[in-house]
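Dumped data-v2.txt below, it's compact mmCIF, C-alpha atoms:
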```
# COMPACT_ATOMS: atom_id res chain seq x y z
CA MET A 1 33.31 147.80 206.42
CA LEU A 2 31.47 145.02 208.27
CA ALA A 3 28.36 147.16 208.54
CA ALA A 4 28.38 147.83 204.82
CA LEU A 5 28.89 144.13 204.07
CA HIS A 6 26.03 143.23 206.42
CA ALA A 7 23.78 145.76 204.71
CA TRP A 8 24.68 144.44 201.25
CA LEU A 9 24.38 140.72 202.02
CA LEU A 10 21.76 140.32 204.75
CA GLU A 11 19.44 143.30 204.89
CA PRO A 12 17.64 142.55 201.59
CA PHE A 13 16.62 139.13 202.96
CA ALA A 14 15.85 140.47 206.45
CA ASP A 15 13.75 143.42 205.28
CA PHE A 16 11.78 142.05 202.32
CA GLY A 17 9.48 139.03 202.30
CA PHE A 18 9.71 138.57 198.52
CA MET A 19 13.48 138.19 198.83
CA ARG A 20 13.07 135.52 201.51
CA ARG A 21 10.56 133.58 199.38
CA ALA A 22 12.88 133.82 196.40
CA LEU A 23 15.81 132.54 198.48
CA VAL A 24 13.78 129.58 199.75
CA ALA A 25 12.74 128.76 196.18
CA CYS A 26 16.36 128.88 195.00
CA ALA A 27 17.46 126.71 197.93
CA ALA A 28 14.81 124.08 197.12
CA LEU A 29 15.83 124.07 193.45
CA ALA A 30 19.51 123.81 194.42
CA LEU A 31 18.91 120.82 196.68
CA ALA A 32 16.94 118.84 194.09
CA SER A 33 17.64 119.94 190.53
CA ALA A 34 21.43 120.19 190.84
CA PRO A 35 21.82 116.48 191.79
CA ILE A 36 19.53 115.59 188.89
CA GLY A 37 21.81 117.63 186.65
CA THR A 38 24.80 115.70 188.01
CA LEU A 39 23.20 112.42 186.92
CA LEU A 40 22.51 113.90 183.47
CA VAL A 41 26.16 114.95 183.14
CA VAL A 42 27.41 111.49 184.16
CA ARG A 43 25.03 109.89 181.62
CA ARG A 44 26.24 112.32 178.90
CA MET A 45 22.69 113.64 178.58
CA SER A 46 23.36 117.30 179.42
CA LEU A 47 21.59 118.63 176.33
CA ILE A 48 18.47 116.57 177.06
CA GLY A 49 17.79 118.84 180.03
CA ASP A 50 17.88 121.82 177.68
CA ALA A 51 15.58 120.06 175.22
CA MET A 52 13.07 119.21 177.93
CA ALA A 53 13.11 122.79 179.21
CA HIS A 54 12.20 124.05 175.75
CA ALA A 55 9.56 121.36 175.40
CA LEU A 56 7.70 122.84 178.37
CA LEU A 57 6.85 125.96 176.41
CA PRO A 58 3.79 124.93 174.33
CA GLY A 59 2.08 123.41 177.37
CA ALA A 60 2.85 126.49 179.45
CA ALA A 61 1.56 128.67 176.62
CA LEU A 62 -1.65 126.65 176.38
CA GLY A 63 -2.13 126.94 180.15
CA PHE A 64 -1.60 130.70 179.84
CA ALA A 65 -4.15 130.91 177.01
CA LEU A 66 -6.75 129.08 179.12
CA ALA A 67 -6.10 130.52 182.58
CA GLY A 68 -3.82 133.55 182.22
CA LEU A 69 -0.71 133.83 184.38
CA SER A 70 -1.71 130.90 186.57
CA LEU A 71 1.41 129.00 187.63
CA TRP A 72 -0.62 125.87 188.33
CA ALA A 73 -2.17 125.85 184.83
CA MET A 74 1.11 126.68 183.10
CA GLY A 75 3.06 124.20 185.22
CA LEU A 76 0.63 121.38 184.52
CA GLY A 77 0.59 122.22 180.82
CA GLY A 78 4.38 122.30 180.73
CA LEU A 79 4.60 118.93 182.48
CA VAL A 80 2.23 117.29 179.98
CA ALA A 81 3.99 118.88 177.00
CA ALA A 82 7.49 117.82 178.11
CA LEU A 83 6.39 114.24 178.79
CA LEU A 84 4.63 114.18 175.41
CA VAL A 85 7.77 115.35 173.61
CA ALA A 86 9.87 112.71 175.40
CA GLY A 87 7.32 110.02 174.48
CA LEU A 88 7.17 111.12 170.83
CA ALA A 89 10.97 111.07 170.60
CA ALA A 90 11.08 107.53 172.04
CA TRP A 91 8.31 106.42 169.64
CA ALA A 92 10.06 107.95 166.63
CA THR A 93 13.34 106.27 167.61
CA ARG A 94 11.71 102.84 167.43
CA GLY A 95 10.29 103.50 163.97
CA ALA A 96 13.12 105.39 162.24
CA PRO A 97 16.89 104.79 161.98
CA GLN A 98 17.87 108.04 163.73
CA ARG A 99 19.29 108.36 167.23
CA GLU A 100 16.91 109.44 169.98
CA ASP A 101 18.74 112.73 170.54
CA ALA A 102 18.10 113.70 166.90
CA HIS A 103 14.37 113.04 167.24
CA LEU A 104 14.31 114.84 170.59
CA THR A 105 15.99 117.87 169.02
CA ALA A 106 13.44 117.92 166.20
CA PHE A 107 10.45 117.68 168.53
CA TYR A 108 11.72 120.23 171.03
CA LEU A 109 12.37 122.75 168.25
CA ILE A 110 8.82 122.23 167.00
CA ALA A 111 7.55 122.60 170.57
CA LEU A 112 9.58 125.77 171.13
CA ALA A 113 8.25 127.39 167.96
CA ALA A 114 4.68 126.35 168.77
CA GLY A 115 4.98 127.75 172.29
CA VAL A 116 6.30 131.12 171.14
CA ALA A 117 3.53 131.30 168.49
CA LEU A 118 0.84 130.54 171.10
CA LEU A 119 2.19 133.10 173.55
CA SER A 120 2.41 135.72 170.83
CA ALA A 121 -1.17 135.00 169.77
CA PHE A 122 -2.74 135.08 173.26
CA GLY A 123 -0.45 137.40 175.22
CA SER A 124 1.74 140.47 175.09
CA PRO A 125 5.53 140.75 174.74
CA VAL A 126 5.68 141.18 178.54
CA ASP A 127 3.85 137.87 179.02
CA LEU A 128 6.24 136.17 176.60
CA LEU A 129 9.27 137.47 178.53
CA HIS A 130 7.70 136.39 181.84
CA VAL A 131 7.20 132.79 180.66
CA LEU A 132 10.59 132.55 178.95
CA PHE A 133 12.71 134.15 181.67
CA GLY A 134 10.52 134.04 184.79
CA ASN A 135 10.76 136.27 187.85
CA VAL A 136 11.90 134.52 191.00
CA LEU A 137 11.33 137.74 192.96
CA ALA A 138 7.60 137.37 192.25
CA VAL A 139 7.29 133.79 193.55
CA ASP A 140 4.09 133.48 195.58
CA ASP A 141 3.18 130.96 198.27
CA ALA A 142 1.53 128.54 195.81
CA ALA A 143 4.61 128.45 193.57
CA LEU A 144 6.85 128.07 196.61
CA LEU A 145 4.84 125.07 197.81
CA THR A 146 5.10 123.52 194.34
CA VAL A 147 8.88 123.96 194.23
CA ALA A 148 9.27 122.62 197.78
CA GLY A 149 7.01 119.63 197.04
CA VAL A 150 8.95 118.68 193.91
CA ALA A 151 12.25 119.08 195.76
CA SER A 152 11.05 116.86 198.63
CA LEU A 153 9.82 114.16 196.23
CA THR A 154 13.07 114.28 194.25
CA LEU A 155 15.26 113.95 197.34
CA LEU A 156 13.14 111.05 198.59
CA VAL A 157 13.45 109.18 195.27
CA LEU A 158 17.20 109.87 195.09
CA ALA A 159 17.66 108.57 198.64
CA LEU A 160 15.68 105.40 197.99
CA LEU A 161 17.07 104.63 194.53
CA TYR A 162 20.61 105.99 194.73
CA ARG A 163 22.36 102.70 193.92
CA PRO A 164 20.15 101.76 190.93
CA LEU A 165 20.44 105.32 189.57
CA LEU A 166 24.21 105.15 190.02
CA ALA A 167 24.29 101.86 188.07
CA LEU A 168 22.05 103.34 185.37
CA SER A 169 24.37 106.34 185.03
CA VAL A 170 27.72 104.52 185.14
CA ASP A 171 26.99 101.12 183.57
CA PRO A 172 23.46 100.69 182.15
CA GLY A 173 24.50 97.41 180.53
CA PHE A 174 25.29 95.90 183.93
CA LEU A 175 21.93 97.11 185.27
CA ALA A 176 20.12 95.51 182.33
CA ILE A 177 21.75 92.16 183.11
CA ALA A 178 21.59 92.32 186.91
CA ALA A 179 18.10 93.84 187.24
CA PRO A 180 16.24 93.81 183.90
CA ARG A 181 12.97 95.03 185.44
CA TRP A 182 14.66 98.08 186.92
CA ALA A 183 16.44 98.72 183.63
CA ARG A 184 13.06 98.99 181.89
CA TRP A 185 11.28 101.46 184.16
CA LEU A 186 14.12 103.35 185.89
CA PRO A 187 15.03 105.50 182.83
CA MET A 188 11.39 106.59 182.54
CA LEU A 189 11.25 107.44 186.24
CA PHE A 190 14.48 109.41 185.94
CA MET A 191 13.18 111.36 182.94
CA ALA A 192 9.98 112.11 184.88
CA LEU A 193 12.15 113.55 187.69
CA VAL A 194 14.02 115.69 185.17
CA VAL A 195 10.74 117.07 183.80
CA LEU A 196 9.28 117.66 187.28
CA ASN A 197 12.35 119.64 188.35
CA LEU A 198 12.28 121.69 185.17
CA VAL A 199 8.61 122.45 185.80
CA ALA A 200 9.50 123.51 189.35
CA GLY A 201 12.33 125.66 188.00
CA PHE A 202 9.98 127.15 185.42
CA GLN A 203 7.76 128.41 188.24
CA ALA A 204 10.61 130.68 189.33
CA LEU A 205 13.09 131.09 186.48
CA GLY A 206 11.08 130.62 183.28
CA THR A 207 11.44 127.95 180.63
CA LEU A 208 14.77 129.17 179.23
CA MET A 209 16.51 129.81 182.56
CA ALA A 210 15.31 126.75 184.52
CA VAL A 211 17.81 124.42 182.91
CA GLY A 212 20.66 126.78 183.82
CA LEU A 213 20.38 126.14 187.57
CA MET A 214 20.11 122.42 186.88
CA MET A 215 23.08 121.99 184.53
CA LEU A 216 25.70 124.70 185.14
CA PRO A 217 26.38 123.79 188.81
CA ALA A 218 26.44 120.10 187.88
CA ILE A 219 29.00 120.70 185.13
CA ALA A 220 31.10 122.93 187.42
CA ALA A 221 31.02 120.31 190.19
CA ARG A 222 32.99 117.89 187.98
CA PHE A 223 36.03 120.11 188.48
CA TRP A 224 35.77 119.92 192.29
CA ALA A 225 34.85 116.31 193.11
CA ARG A 226 35.42 112.82 191.72
CA THR A 227 32.66 110.65 193.17
CA LEU A 228 29.03 111.05 192.14
CA ALA A 229 27.84 111.77 195.69
CA ALA A 230 30.49 114.46 196.17
CA GLN A 231 29.64 115.98 192.79
CA ALA A 232 25.94 116.13 193.70
CA LEU A 233 26.78 117.87 197.00
CA ALA A 234 29.13 120.31 195.28
CA ALA A 235 26.52 121.03 192.59
CA SER A 236 23.89 121.82 195.23
CA LEU A 237 26.27 124.17 197.06
CA ILE A 238 27.20 125.95 193.83
CA ALA A 239 23.53 126.27 192.87
CA LEU A 240 22.67 127.65 196.31
CA LEU A 241 25.49 130.22 196.14
CA ALA A 242 24.50 131.20 192.60
CA GLY A 243 20.87 131.56 193.67
CA ALA A 244 21.62 133.74 196.69
CA GLY A 245 24.27 135.77 194.86
CA GLY A 246 22.08 136.25 191.80
CA LEU A 247 19.22 137.50 193.97
CA LEU A 248 21.54 140.05 195.59
CA LEU A 249 22.84 141.20 192.21
CA SER A 250 19.28 141.51 190.98
CA PHE A 251 18.24 143.50 194.05
CA HIS A 252 21.18 145.91 194.17
CA PHE A 253 21.71 146.48 190.44
CA ALA A 254 18.14 146.16 189.12
CA LEU A 255 19.01 143.13 186.97
CA PRO A 256 16.49 140.47 185.90
CA SER A 257 16.66 137.81 188.59
CA GLY A 258 16.70 134.62 186.47
CA PRO A 259 19.50 135.70 184.12
CA ALA A 260 21.50 137.08 187.07
CA ILE A 261 21.36 133.69 188.83
CA VAL A 262 22.30 131.75 185.69
CA LEU A 263 25.11 134.17 184.80
CA LEU A 264 26.60 133.78 188.27
CA ALA A 265 26.38 130.00 187.95
CA GLY A 266 28.11 130.36 184.57
CA ALA A 267 30.87 132.44 186.13
CA VAL A 268 31.43 129.71 188.74
CA TYR A 269 31.61 127.15 185.92
CA VAL A 270 34.25 129.17 184.05
CA GLY A 271 36.29 129.67 187.23
CA SER A 272 36.01 125.97 188.05
CA MET A 273 37.09 124.98 184.55
CA LEU A 274 40.16 127.21 184.87
CA ALA A 275 41.23 126.62 188.47
CA GLY A 276 39.35 123.67 190.02
CA PRO A 277 41.40 120.88 191.61
CA ASN A 278 40.03 118.10 189.38
CA GLU A 279 40.67 117.98 185.60
CA SER A 280 40.70 121.78 185.24
CA TRP A 281 43.07 123.77 183.06
CA ARG A 282 45.29 124.47 186.09
CA ALA A 283 45.22 120.84 187.28
CA ARG A 284 46.14 119.54 183.82
CA ARG A 285 49.04 122.00 183.52
CA ALA A 286 50.31 120.98 186.96
CA ALA A 287 50.08 117.29 186.01
CA LEU A 288 51.95 117.97 182.77
CA ARG A 289 54.71 119.82 184.64
CA ARG A 290 55.07 116.93 187.11
CA HIS A 291 55.22 114.45 184.24
CA LEU A 292 57.93 116.44 182.46
CA ALA A 293 59.89 116.93 185.67
CA GLY A 294 59.74 113.22 186.56
```
Can the structure in the file be given as structure tokens, please?
Amino acid sequence: MLAALHAWLLEPFADFGFMRRALVACAALALASAPIGTLLVVRRMSLIGDAMAHALLPGAALGFALAGLSLWAMGLGGLVAALLVAGLAAWATRGAPQREDAHLTAFYLIALAAGVALLSAFGSPVDLLHVLFGNVLAVDDAALLTVAGVASLTLLVLALLYRPLLALSVDPGFLAIAAPRWARWLPMLFMALVVLNLVAGFQALGTLMAVGLMMLPAIAARFWARTLAAQALAASLIALLAGAGGLLLSFHFALPSGPAIVLLAGAVYVGSMLAGPNESWRARRAALRRHLAG
């Protein structure tokens, strides 16, 4: 029994270098993008992560058209495209009486359609699937260095600016009064971190799957912890488990790696929503029973 479990869990990582690189990439993404997702959840901006992930596509497609399947070219193009979409949404909000999320939705849908059209024009259906869904099992050393660099930068910024980011997430009005300069540039810095982590996730998981490892563990963590720091830690642990488990599922059952990782993270979210100790379905039923009994 133990030998079979060892063979199922450990031998793929011990025997194959591509599995080890994929695991390191997932660990780096878990450490950095999951805490960013936690801040997005607290700020009620969960869907903005999805919008930014879709906004990467035209830039990635343009990089593919110019340089082929070069992760550097596609990553840089995706970064520029996502920042451009965020800037256009902010500009449109100042000039039209719609909320920023409405403008962001409009621009990211335009960007998504433009990206798919560009990929269809310059590539094959296989190239389109590669950019949309990625292949973490094919992560090379250059992509791994990019993911690790973005993770290191993100953790450094979070460590240095934890208190201002906490104030921005919980009470932005207080931050605007107490530190007006920070209130002006901190949201832009935070959005840049979101885009950078999505670009790093795109290197491994594709544009459509990258947001899954950022948001699903962060949403699930709300059912296990109350404080922001504890939620960020829980989100990173869930993302790491989903990454490692998804890689094993992909290896043993010949599943696509990105969807396997995101589906496992989704399963953890559903289980957390049903049985987690904090505000889950089970916790609410237990609280209701105590209220009725008392």
Counting all atoms listed in the file, what are the residues of range 32-111 of chain A within 12 Å of range 10-28 of chain A, and for each of them which pair of atoms is the nearest and at what distance in Å, to one decimal? Sort the table by chain and rising number, as JSON lines.
```
{"residue": "A:Ala32", "atom": "CA", "partner": "A:Ala28", "partner_atom": "CA", "distance": 6.4}
{"residue": "A:Ser33", "atom": "CA", "partner": "A:Ala28", "partner_atom": "CA", "distance": 8.3}
{"residue": "A:Ala34", "atom": "CA", "partner": "A:Ala28", "partner_atom": "CA", "distance": 9.9}
{"residue": "A:Pro35", "atom": "CA", "partner": "A:Ala28", "partner_atom": "CA", "distance": 11.6}
```
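Within the 12 Å cut-off around Val80 in chain A, using only C-alpha atoms and omitting residues fewer than 2 positions from it on the same chain, the listed residues are Met52, Ala55, Leu56, Leu57, Pro58, Gly59, Ala60, Ala61, Leu62, Gly63, Ala73, Met74, Gly75, Leu76, Gly77, Gly78, Ala82, Leu83, Leu84, Val85, Ala86, Gly87, Ala192, Val195, Leu196 and Val199 of chain A.
A distance cut-off of 7 Å around (8.7, 116.4, 170.1), counting only C-alpha atoms, selects these protein and nucleic acid residues: Val85, Ala86, Leu88, Ala89, Leu104, Ala106, Phe107, Tyr108, Ile110 and Ala111 of chain A.
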Which one is closest to Gly243 in chain A: A:Leu213, A:Ala230, A:Arg222, A:Ala267? Count all atoms listed in the file.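 Using all atoms listed in the file, the shortest distance to Gly243 in chain A belongs to A:Leu213.
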In Å and to one decimal, CA of Tyr162 in chain A is distant from CA of Thr146 in chain A by 23.4 Å
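In this structure, CA of Trp8 in chain A sits 12.0 Å away from CA of Ala244 in chain A.
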Length of the CA of Ile36 in chain A to CA of Ile261 in chain A vector [Å]: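 CA of Ile261 in chain A lies 18.2 Å from CA of Ile36 in chain A.
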Measuring between only C-alpha atoms, which one of A:Leu168, A:Leu288, A:Ala254, A:Leu5 shows the shortest distance to Met188 in chain A?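 Selected residue with least distance to Met188 in chain A: A:Leu168.
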Show me, as a count of residues only, the residues that have an atom within 9 Å of Leu155 in chain A when counting only C-alpha atoms, minus same-chain residues fewer than 3 positions from it. 9
Scan for residues within 10 Å of the point (26.9, 124.6, 192.4) in the coordinates of the file, using only C-alpha atoms, and reply as a ChimeraX atom specification. /A:30-31,34-35,213-221,231-243,265-266,268-269
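Here the question is which of A:Leu118, A:Leu79, A:Ala3, A:Ala287 gets nearest to Leu193 in chain A using all atoms listed in the file, and that residue is A:Leu79.
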For Phe202 in chain A, which of A:Ala176, A:Leu255, A:Met273, A:Leu144 is the closest residue, counting all atoms listed in the file?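 Once distances to Phe202 in chain A are computed over all atoms listed in the file, the minimum belongs to A:Leu144.
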All residues 6 Å or closer to Leu208 in chain A, only C-alpha atoms, same chain fewer than 2 positions away omitted, as a tab-separated table (two decimals) with C-alpha atoms, in the coordinates of the input:
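That gives us around30.tsv:
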```tsv
chain	number	residue	atom	x	y	z
A	132	LEU	CA	10.59	132.55	178.95
A	133	PHE	CA	12.71	134.15	181.67
A	206	GLY	CA	11.08	130.62	183.28
A	210	ALA	CA	15.31	126.75	184.52
```
With only C-alpha atoms as the basis for distance, which of A:Leu249, A:Leu129, A:Met209, A:Val139 is at the shortest distance from Leu9 in chain A? A:Leu249
